[in-house]
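Student: So that you have it, the file is start-v1.cif, and it contains mmCIF, C-alpha atoms and all ligand atoms:
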data_run
#
loop_
_atom_site.group_PDB
_atom_site.id
_atom_site.type_symbol
_atom_site.label_atom_id
_atom_site.label_comp_id
_atom_site.auth_asym_id
_atom_site.auth_seq_id
_atom_site.Cartn_x
_atom_site.Cartn_y
_atom_site.Cartn_z
ATOM 1 C CA MET A 1 3.356 7.791 -22.163
ATOM 2 C CA GLU A 2 0.025 8.059 -23.942
ATOM 3 C CA PRO A 3 -3.139 7.145 -22.004
ATOM 4 C CA GLY A 4 -4.128 3.577 -22.866
ATOM 5 C CA SER A 5 -0.551 2.481 -23.514
ATOM 6 C CA ARG A 6 1.423 -0.315 -21.864
ATOM 7 C CA GLY A 7 5.139 -1.027 -21.960
ATOM 8 C CA SER A 8 8.096 -2.355 -20.027
ATOM 9 C CA ARG A 9 10.390 0.324 -18.583
ATOM 10 C CA ASN A 10 13.427 -0.780 -16.567
ATOM 11 C CA GLY A 11 11.612 -4.024 -15.791
ATOM 12 C CA ILE A 12 8.397 -2.300 -14.682
ATOM 13 C CA ASP A 13 5.214 -3.198 -16.540
ATOM 14 C CA VAL A 14 3.803 0.343 -16.893
ATOM 15 C CA ARG A 15 0.151 0.886 -17.834
ATOM 16 C CA THR A 16 -1.308 4.328 -18.310
ATOM 17 C CA PHE A 17 -5.029 5.094 -18.181
ATOM 18 C CA ALA A 18 -7.013 8.125 -19.266
ATOM 19 C CA THR A 19 -8.451 8.540 -15.781
ATOM 20 C CA GLN A 20 -7.848 7.472 -12.204
ATOM 21 C CA ALA A 21 -11.218 5.705 -12.239
ATOM 22 C CA ASP A 22 -10.152 3.586 -15.228
ATOM 23 C CA ALA A 23 -6.919 2.601 -13.479
ATOM 24 C CA CYS A 24 -8.773 1.695 -10.259
ATOM 25 C CA GLU A 25 -11.284 -0.396 -12.185
ATOM 26 C CA ALA A 26 -8.441 -2.263 -13.936
ATOM 27 C CA ALA A 27 -6.659 -2.860 -10.606
ATOM 28 C CA ALA A 28 -9.902 -4.159 -9.055
ATOM 29 C CA ALA A 29 -10.373 -6.500 -12.019
ATOM 30 C CA GLU A 30 -6.888 -7.960 -11.470
ATOM 31 C CA ILE A 31 -7.541 -8.422 -7.741
ATOM 32 C CA ALA A 32 -10.973 -9.956 -8.396
ATOM 33 C CA ALA A 33 -9.403 -12.446 -10.812
ATOM 34 C CA ILE A 34 -7.063 -13.610 -8.025
ATOM 35 C CA ILE A 35 -9.887 -13.856 -5.477
ATOM 36 C CA GLU A 36 -12.044 -15.862 -7.868
ATOM 37 C CA THR A 37 -9.416 -18.560 -8.338
ATOM 38 C CA GLY A 38 -9.316 -19.646 -4.664
ATOM 39 C CA PRO A 39 -7.857 -18.665 -1.290
ATOM 40 C CA ALA A 40 -5.966 -15.389 -1.682
ATOM 41 C CA VAL A 41 -3.646 -13.264 0.421
ATOM 42 C CA LEU A 42 -3.719 -9.576 -0.415
ATOM 43 C CA GLY A 43 -1.384 -6.832 0.738
ATOM 44 C CA LEU A 44 -3.329 -3.598 1.097
ATOM 45 C CA ALA A 45 -2.442 0.078 1.326
ATOM 46 C CA ALA A 46 -3.981 3.125 2.985
ATOM 47 C CA GLY A 47 -3.848 6.673 1.616
ATOM 48 C CA ARG A 48 -6.018 8.475 -0.903
ATOM 49 C CA THR A 49 -4.659 6.547 -3.890
ATOM 50 C CA PRO A 50 -6.329 3.110 -3.460
ATOM 51 C CA VAL A 51 -9.783 4.376 -2.424
ATOM 52 C CA GLY A 52 -11.172 3.908 -5.938
ATOM 53 C CA VAL A 53 -9.887 0.320 -6.022
ATOM 54 C CA TYR A 54 -11.717 -0.463 -2.766
ATOM 55 C CA ASP A 55 -14.900 1.159 -4.110
ATOM 56 C CA ALA A 56 -14.628 -0.945 -7.287
ATOM 57 C CA LEU A 57 -14.115 -4.123 -5.206
ATOM 58 C CA VAL A 58 -17.157 -3.266 -3.068
ATOM 59 C CA ALA A 59 -19.206 -2.824 -6.276
ATOM 60 C CA ARG A 60 -18.037 -6.271 -7.417
ATOM 61 C CA HIS A 61 -18.943 -7.701 -3.997
ATOM 62 C CA ALA A 62 -22.490 -6.363 -4.492
ATOM 63 C CA LYS A 63 -22.575 -8.409 -7.702
ATOM 64 C CA GLY A 64 -21.385 -11.605 -5.994
ATOM 65 C CA LEU A 65 -17.607 -11.417 -5.480
ATOM 66 C CA SER A 66 -16.928 -13.053 -2.107
ATOM 67 C CA PHE A 67 -14.000 -12.282 0.191
ATOM 68 C CA ALA A 68 -14.747 -15.309 2.391
ATOM 69 C CA ARG A 69 -11.466 -17.007 1.418
ATOM 70 C CA VAL A 70 -9.340 -13.841 1.450
ATOM 71 C CA GLU A 71 -6.785 -12.794 4.082
ATOM 72 C CA THR A 72 -5.328 -9.276 4.042
ATOM 73 C CA PHE A 73 -2.248 -7.565 5.449
ATOM 74 C CA ASN A 74 -1.900 -3.800 5.438
ATOM 75 C CA LEU A 75 1.423 -2.162 4.764
ATOM 76 C CA ASP A 76 1.582 0.298 7.594
ATOM 77 C CA GLU A 77 0.062 2.279 10.453
ATOM 78 C CA TRP A 78 0.888 5.412 12.406
ATOM 79 C CA TRP A 79 2.549 4.887 15.815
ATOM 80 C CA PRO A 80 1.328 5.637 18.313
ATOM 81 C CA ILE A 81 -2.287 6.156 17.316
ATOM 82 C CA ASP A 82 -5.724 5.523 18.796
ATOM 83 C CA LEU A 83 -7.456 2.943 16.567
ATOM 84 C CA GLN A 84 -10.585 5.091 16.480
ATOM 85 C CA SER A 85 -8.713 8.244 15.454
ATOM 86 C CA PRO A 86 -10.208 9.438 12.138
ATOM 87 C CA ALA A 87 -6.675 9.377 10.695
ATOM 88 C CA SER A 88 -5.796 5.798 11.723
ATOM 89 C CA PHE A 89 -5.232 3.376 8.865
ATOM 90 C CA HIS A 90 -7.134 0.792 10.952
ATOM 91 C CA ARG A 91 -10.232 2.973 10.817
ATOM 92 C CA PHE A 92 -9.625 3.920 7.181
ATOM 93 C CA MET A 93 -9.536 0.250 6.159
ATOM 94 C CA HIS A 94 -12.752 -0.523 8.006
ATOM 95 C CA ALA A 95 -14.547 2.391 6.352
ATOM 96 C CA SER A 96 -13.068 1.801 2.883
ATOM 97 C CA LEU A 97 -13.276 -1.977 2.613
ATOM 98 C CA PHE A 98 -13.509 -4.240 5.685
ATOM 99 C CA ASP A 99 -16.998 -3.162 6.808
ATOM 100 C CA ARG A 100 -18.323 -3.301 3.233
ATOM 101 C CA VAL A 101 -17.404 -6.862 2.191
ATOM 102 C CA ASP A 102 -17.539 -10.377 3.683
ATOM 103 C CA LEU A 103 -13.850 -10.537 4.619
ATOM 104 C CA PRO A 104 -13.679 -12.669 7.817
ATOM 105 C CA ARG A 105 -12.877 -10.681 10.973
ATOM 106 C CA GLY A 106 -9.825 -12.719 11.921
ATOM 107 C CA LYS A 107 -8.353 -12.397 8.445
ATOM 108 C CA ARG A 108 -7.808 -8.611 8.318
ATOM 109 C CA HIS A 109 -4.459 -7.531 9.604
ATOM 110 C CA VAL A 110 -3.188 -3.993 10.131
ATOM 111 C CA PRO A 111 -0.064 -3.249 12.188
ATOM 112 C CA ASN A 112 -1.225 -2.256 15.673
ATOM 113 C CA GLY A 113 -0.596 1.436 16.277
ATOM 114 C CA THR A 114 -1.557 1.105 19.948
ATOM 115 C CA ILE A 115 1.178 -1.399 20.789
ATOM 116 C CA ALA A 116 3.374 -0.412 23.760
ATOM 117 C CA ALA A 117 6.964 0.579 23.034
ATOM 118 C CA ASP A 118 8.355 -2.468 24.831
ATOM 119 C CA ARG A 119 6.203 -4.797 22.700
ATOM 120 C CA LEU A 120 7.024 -3.199 19.337
ATOM 121 C CA ASP A 121 9.770 -5.522 18.168
ATOM 122 C CA ALA A 122 7.787 -8.621 19.114
ATOM 123 C CA HIS A 123 4.697 -7.232 17.365
ATOM 124 C CA CYS A 124 6.653 -6.602 14.164
ATOM 125 C CA ARG A 125 8.140 -10.115 14.247
ATOM 126 C CA GLU A 126 4.656 -11.565 14.808
ATOM 127 C CA TYR A 127 3.329 -9.587 11.826
ATOM 128 C CA GLU A 128 5.993 -11.126 9.590
ATOM 129 C CA ALA A 129 5.227 -14.580 11.024
ATOM 130 C CA LYS A 130 1.513 -14.156 10.271
ATOM 131 C CA ILE A 131 2.276 -13.270 6.640
ATOM 132 C CA ALA A 132 4.476 -16.359 6.371
ATOM 133 C CA ALA A 133 1.838 -18.562 8.040
ATOM 134 C CA ALA A 134 -0.733 -17.327 5.513
ATOM 135 C CA GLY A 135 1.560 -18.560 2.732
ATOM 136 C CA GLY A 136 2.941 -15.167 1.702
ATOM 137 C CA ILE A 137 1.252 -12.326 -0.160
ATOM 138 C CA ASP A 138 -0.164 -13.040 -3.637
ATOM 139 C CA LEU A 139 -0.557 -9.394 -4.631
ATOM 140 C CA GLN A 140 0.616 -6.283 -2.792
ATOM 141 C CA LEU A 141 -1.162 -3.034 -3.606
ATOM 142 C CA LEU A 142 1.001 0.067 -3.133
ATOM 143 C CA GLY A 143 0.800 3.817 -3.351
ATOM 144 C CA ILE A 144 3.860 6.033 -3.536
ATOM 145 C CA GLY A 145 4.740 8.998 -1.376
ATOM 146 C CA ARG A 146 6.000 12.221 -2.979
ATOM 147 C CA ASN A 147 9.467 11.451 -1.550
ATOM 148 C CA GLY A 148 9.369 7.946 -3.055
ATOM 149 C CA HIS A 149 8.369 6.114 0.104
ATOM 150 C CA VAL A 150 6.460 2.856 -0.212
ATOM 151 C CA GLY A 151 4.473 1.905 2.849
ATOM 152 C CA PHE A 152 6.295 4.106 5.336
ATOM 153 C CA ASN A 153 9.740 3.083 4.088
ATOM 154 C CA GLU A 154 11.270 6.528 3.983
ATOM 155 C CA PRO A 155 14.444 7.409 2.022
ATOM 156 C CA GLY A 156 17.361 5.480 3.516
ATOM 157 C CA SER A 157 15.328 2.295 4.049
ATOM 158 C CA ALA A 158 17.336 -0.829 3.226
ATOM 159 C CA ARG A 159 16.380 -3.256 0.480
ATOM 160 C CA ASP A 160 16.289 -6.121 2.992
ATOM 161 C CA SER A 161 14.351 -4.199 5.681
ATOM 162 C CA ARG A 162 11.471 -5.956 7.426
ATOM 163 C CA THR A 163 8.426 -4.856 9.442
ATOM 164 C CA ARG A 164 9.611 -2.295 11.993
ATOM 165 C CA LYS A 165 9.085 1.095 13.586
ATOM 166 C CA VAL A 166 10.353 4.012 11.485
ATOM 167 C CA GLU A 167 10.801 7.730 11.997
ATOM 168 C CA LEU A 168 8.863 9.834 9.492
ATOM 169 C CA THR A 169 10.417 12.578 7.363
ATOM 170 C CA ALA A 170 9.346 16.223 7.325
ATOM 171 C CA SER A 171 7.746 15.885 3.871
ATOM 172 C CA THR A 172 5.593 12.952 5.038
ATOM 173 C CA LEU A 173 4.495 14.900 8.131
ATOM 174 C CA GLU A 174 3.561 17.875 5.927
ATOM 175 C CA ASP A 175 1.710 15.721 3.383
ATOM 176 C CA ASN A 176 -0.444 14.273 6.165
ATOM 177 C CA ALA A 177 -1.043 17.417 8.228
ATOM 178 C CA ALA A 178 -4.569 17.872 6.866
ATOM 179 C CA ALA A 179 -5.676 14.454 8.161
ATOM 180 C CA PHE A 180 -4.509 15.329 11.691
ATOM 181 C CA GLY A 181 -5.383 19.035 11.723
ATOM 182 C CA SER A 182 -1.760 20.263 11.838
ATOM 183 C CA VAL A 183 1.811 19.114 11.214
ATOM 184 C CA ALA A 184 2.413 19.094 14.981
ATOM 185 C CA ALA A 185 -0.409 16.575 15.480
ATOM 186 C CA VAL A 186 0.978 13.988 13.020
ATOM 187 C CA PRO A 187 2.634 11.038 14.822
ATOM 188 C CA ARG A 188 6.432 11.147 14.385
ATOM 189 C CA HIS A 189 6.675 7.402 13.873
ATOM 190 C CA ALA A 190 4.958 4.569 12.058
ATOM 191 C CA LEU A 191 5.020 0.798 11.765
ATOM 192 C CA THR A 192 5.640 -0.467 8.254
ATOM 193 C CA MET A 193 6.354 -3.638 6.342
ATOM 194 C CA GLY A 194 9.938 -3.361 5.099
ATOM 195 C CA ILE A 195 11.171 -3.208 1.526
ATOM 196 C CA GLY A 196 12.233 -6.841 1.946
ATOM 197 C CA THR A 197 8.739 -7.771 3.157
ATOM 198 C CA ILE A 198 7.183 -6.049 0.127
ATOM 199 C CA LEU A 199 9.645 -7.658 -2.311
ATOM 200 C CA ALA A 200 8.661 -11.090 -0.966
ATOM 201 C CA ALA A 201 5.096 -10.642 -2.308
ATOM 202 C CA ARG A 202 4.544 -12.588 -5.508
ATOM 203 C CA ARG A 203 3.180 -9.595 -7.407
ATOM 204 C CA LEU A 204 3.432 -5.833 -6.802
ATOM 205 C CA LEU A 205 0.884 -3.339 -8.121
ATOM 206 C CA VAL A 206 1.860 0.302 -7.598
ATOM 207 C CA LEU A 207 -0.735 3.028 -8.221
ATOM 208 C CA ALA A 208 0.087 6.695 -8.826
ATOM 209 C CA PHE A 209 -2.423 9.391 -9.715
ATOM 210 C CA GLY A 210 -2.331 13.104 -10.391
ATOM 211 C CA GLY A 211 0.266 15.655 -11.423
ATOM 212 C CA ARG A 212 1.716 15.850 -7.882
ATOM 213 C CA LYS A 213 3.046 12.298 -8.366
ATOM 214 C CA ALA A 214 4.521 12.865 -11.869
ATOM 215 C CA SER A 215 8.096 13.637 -10.801
ATOM 216 C CA ILE A 216 8.327 10.777 -8.285
ATOM 217 C CA VAL A 217 6.883 8.394 -10.901
ATOM 218 C CA GLU A 218 9.608 9.569 -13.280
ATOM 219 C CA ALA A 219 12.245 8.941 -10.572
ATOM 220 C CA MET A 220 10.831 5.487 -9.787
ATOM 221 C CA VAL A 221 10.866 4.434 -13.446
ATOM 222 C CA LYS A 222 13.894 6.229 -14.863
ATOM 223 C CA GLY A 223 16.095 7.178 -11.894
ATOM 224 C CA ALA A 224 19.144 5.360 -10.564
ATOM 225 C CA PRO A 225 18.011 2.627 -8.170
ATOM 226 C CA GLY A 226 18.973 3.247 -4.563
ATOM 227 C CA GLU A 227 17.830 3.913 -1.026
ATOM 228 C CA ALA A 228 17.355 7.647 -1.722
ATOM 229 C CA VAL A 229 14.142 6.774 -3.596
ATOM 230 C CA PRO A 230 12.744 3.637 -1.903
ATOM 231 C CA ALA A 231 10.307 2.910 -4.768
ATOM 232 C CA THR A 232 13.299 2.264 -7.061
ATOM 233 C CA LEU A 233 14.259 -0.652 -4.776
ATOM 234 C CA LEU A 234 11.173 -2.476 -6.055
ATOM 235 C CA ARG A 235 12.746 -2.638 -9.517
ATOM 236 C CA GLY A 236 14.050 -6.102 -10.188
ATOM 237 C CA HIS A 237 10.943 -7.727 -8.728
ATOM 238 C CA PRO A 238 9.831 -10.186 -11.437
ATOM 239 C CA LYS A 239 6.189 -9.009 -11.380
ATOM 240 C CA LEU A 240 6.203 -5.275 -10.766
ATOM 241 C CA GLU A 241 3.359 -3.288 -12.297
ATOM 242 C CA LEU A 242 2.710 0.460 -12.216
ATOM 243 C CA TYR A 243 -0.718 1.877 -13.047
ATOM 244 C CA CYS A 244 -0.829 5.638 -13.684
ATOM 245 C CA ASP A 245 -3.411 8.104 -14.828
ATOM 246 C CA ALA A 246 -2.471 10.520 -17.622
ATOM 247 C CA GLU A 247 -1.256 13.249 -15.235
ATOM 248 C CA ALA A 248 1.036 10.980 -13.197
ATOM 249 C CA ALA A 249 2.538 9.522 -16.412
ATOM 250 C CA ILE A 250 3.247 12.853 -18.067
ATOM 251 C CA LEU A 251 7.054 12.650 -17.592
ATOM 252 C CA LEU A 252 7.419 9.042 -18.734
HETATM 253 C C1 LIG B 301 1.197 7.503 2.890
HETATM 254 C C2 LIG B 301 1.248 5.976 3.177
HETATM 255 C C3 LIG B 301 1.599 5.210 1.947
HETATM 256 C C4 LIG B 301 0.897 5.851 0.789
HETATM 257 C C5 LIG B 301 1.541 7.179 0.489
HETATM 258 C C6 LIG B 301 0.806 8.006 -0.543
HETATM 259 O O1 LIG B 301 1.842 8.268 3.829
HETATM 260 N N1 LIG B 301 2.123 5.564 4.214
HETATM 261 O O2 LIG B 301 1.263 3.843 2.120
HETATM 262 O O3 LIG B 301 1.016 5.038 -0.345
HETATM 263 O O4 LIG B 301 1.790 7.884 1.668
HETATM 264 O O5 LIG B 301 -0.361 8.546 -0.005
HETATM 265 P P1 LIG B 301 -1.544 9.028 -0.936
HETATM 266 O O6 LIG B 301 -2.076 7.790 -1.585
HETATM 267 O O7 LIG B 301 -2.531 9.627 -0.002
HETATM 268 O O8 LIG B 301 -0.980 9.977 -1.917
#
As structure tokens, what does this structure read like?
Ligand code: GLP
Tutor:
Amino acid sequence: MEPGSRGSRNGIDVRTFATQADACEAAAAEIAAIIETGPAVLGLAAGRTPVGVYDALVARHAKGLSFARVETFNLDEWWPIDLQSPASFHRFMHASLFDRVDLPRGKRHVPNGTIAADRLDAHCREYEAKIAAAGGIDLQLLGIGRNGHVGFNEPGSARDSRTRKVELTASTLEDNAAAFGSVAAVPRHALTMGIGTILAARRLLVLAFGGRKASIVEAMVKGAPGEAVPATLLRGHPKLELYCDAEAAILL
């Protein structure tokens, strides 16, 4: 697809942008529009992909956008992990967004990577209950892993899966080795919202940037839907949007 174009592909509203910065600015504008209309519940993502969106939201905050009536739920977290580990999504979210805007302290939720094994199931159920108590997620921001994972829903994840502990695949461990110093240092497990949790959000905004995402973007948009590529399970959601830069959209 040409940069600057927009079209529906297999029920996905696909927008392509000349640059990653343009796509992040457009995503921030959509999120800001939701925040400006009243109380909002946002689903957030970690990873390199959404950093530009958080920077654009912080820039809007400097010009008056308030997060005082916003509640957020992150998709996932490594397990187990020390919250202050440089690679924890908890720490990443504080550095990228939470410490830079006026989002109330009690309204920022990230699955707890320090939770004891015998408390895991209860913690995951409580996370789902908190999302429900907040009224559900208005917009869920998502990246996509090179193997098609969304959150940490690895291939084989069920369409109706909910927040739970998952075992990570070799490709995910390799993709994240740099953040931990080596593949061996990457936690083998994670906590993640399920595909069913994500599908319950009222709007899904998937971001994909760079040539390394081009083939998985092609599979998400054009491939047969199924558990082998979890991102395809999002198809059928009534408000599913995909923002790509030119490189990620090259095979569309
Ligand atoms: C990570 C996260 C996902 C993220 C994806 C892509 O492992 N669990 O939530 O969307 O993989 O990461 P990146 O944005 O760094 O390419």
Student: Evaluate the PyMOL selection byres (((not hetatm)) within 6 of (chain B and resi 301)) against this structure - the residues, as a compact mmCIF listing (two decimals) with C-alpha atoms, in the coordinates of the input, please.
Tutor:
# COMPACT_ATOMS: atom_id res chain seq x y z
CA ALA A 45 -2.44 0.08 1.33
CA ALA A 46 -3.98 3.12 2.98
CA GLY A 47 -3.85 6.67 1.62
CA ARG A 48 -6.02 8.48 -0.90
CA THR A 49 -4.66 6.55 -3.89
CA LEU A 142 1.00 0.07 -3.13
CA GLY A 143 0.80 3.82 -3.35
CA ILE A 144 3.86 6.03 -3.54
CA GLY A 145 4.74 9.00 -1.38
CA VAL A 150 6.46 2.86 -0.21
CA GLY A 151 4.47 1.90 2.85
CA PHE A 152 6.30 4.11 5.34
Student: Do you know which residues the PyMOL selection byres (((chain A and resi 136) around 12) and not hetatm) returns on this file, as a ChimeraX atom specification?
Tutor: /A:39-43,71-73,127-135,137-140,197-203
Student: Which one of A:Ala18, A:Leu240, A:Leu205, A:Ala158 sits closest to A:Gly226 if you count all atoms listed in the file?
Tutor: A:Ala158
Student: List the spatial neighbours of A:Cys244 as a count of residues only - criterion: any atom at most 10 Å away, only C-alpha atoms, same-chain residues fewer than 6 positions off excluded.
Tutor: 22
Student: Quick one: which residues end up in the PyMOL selection byres (((chain A and resi 84) around 12) and not hetatm) for this structure, as a PyMOL selection string?
Tutor: chain A and resi 81-83+85-95+112-114
Student: With distances taken over all atoms listed in the file, which of A:Ala29, A:Leu242, A:Ala170, A:Met220 is nearest to A:Val186?
Tutor: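 Selected residue with least distance to A:Val186: A:Ala170.
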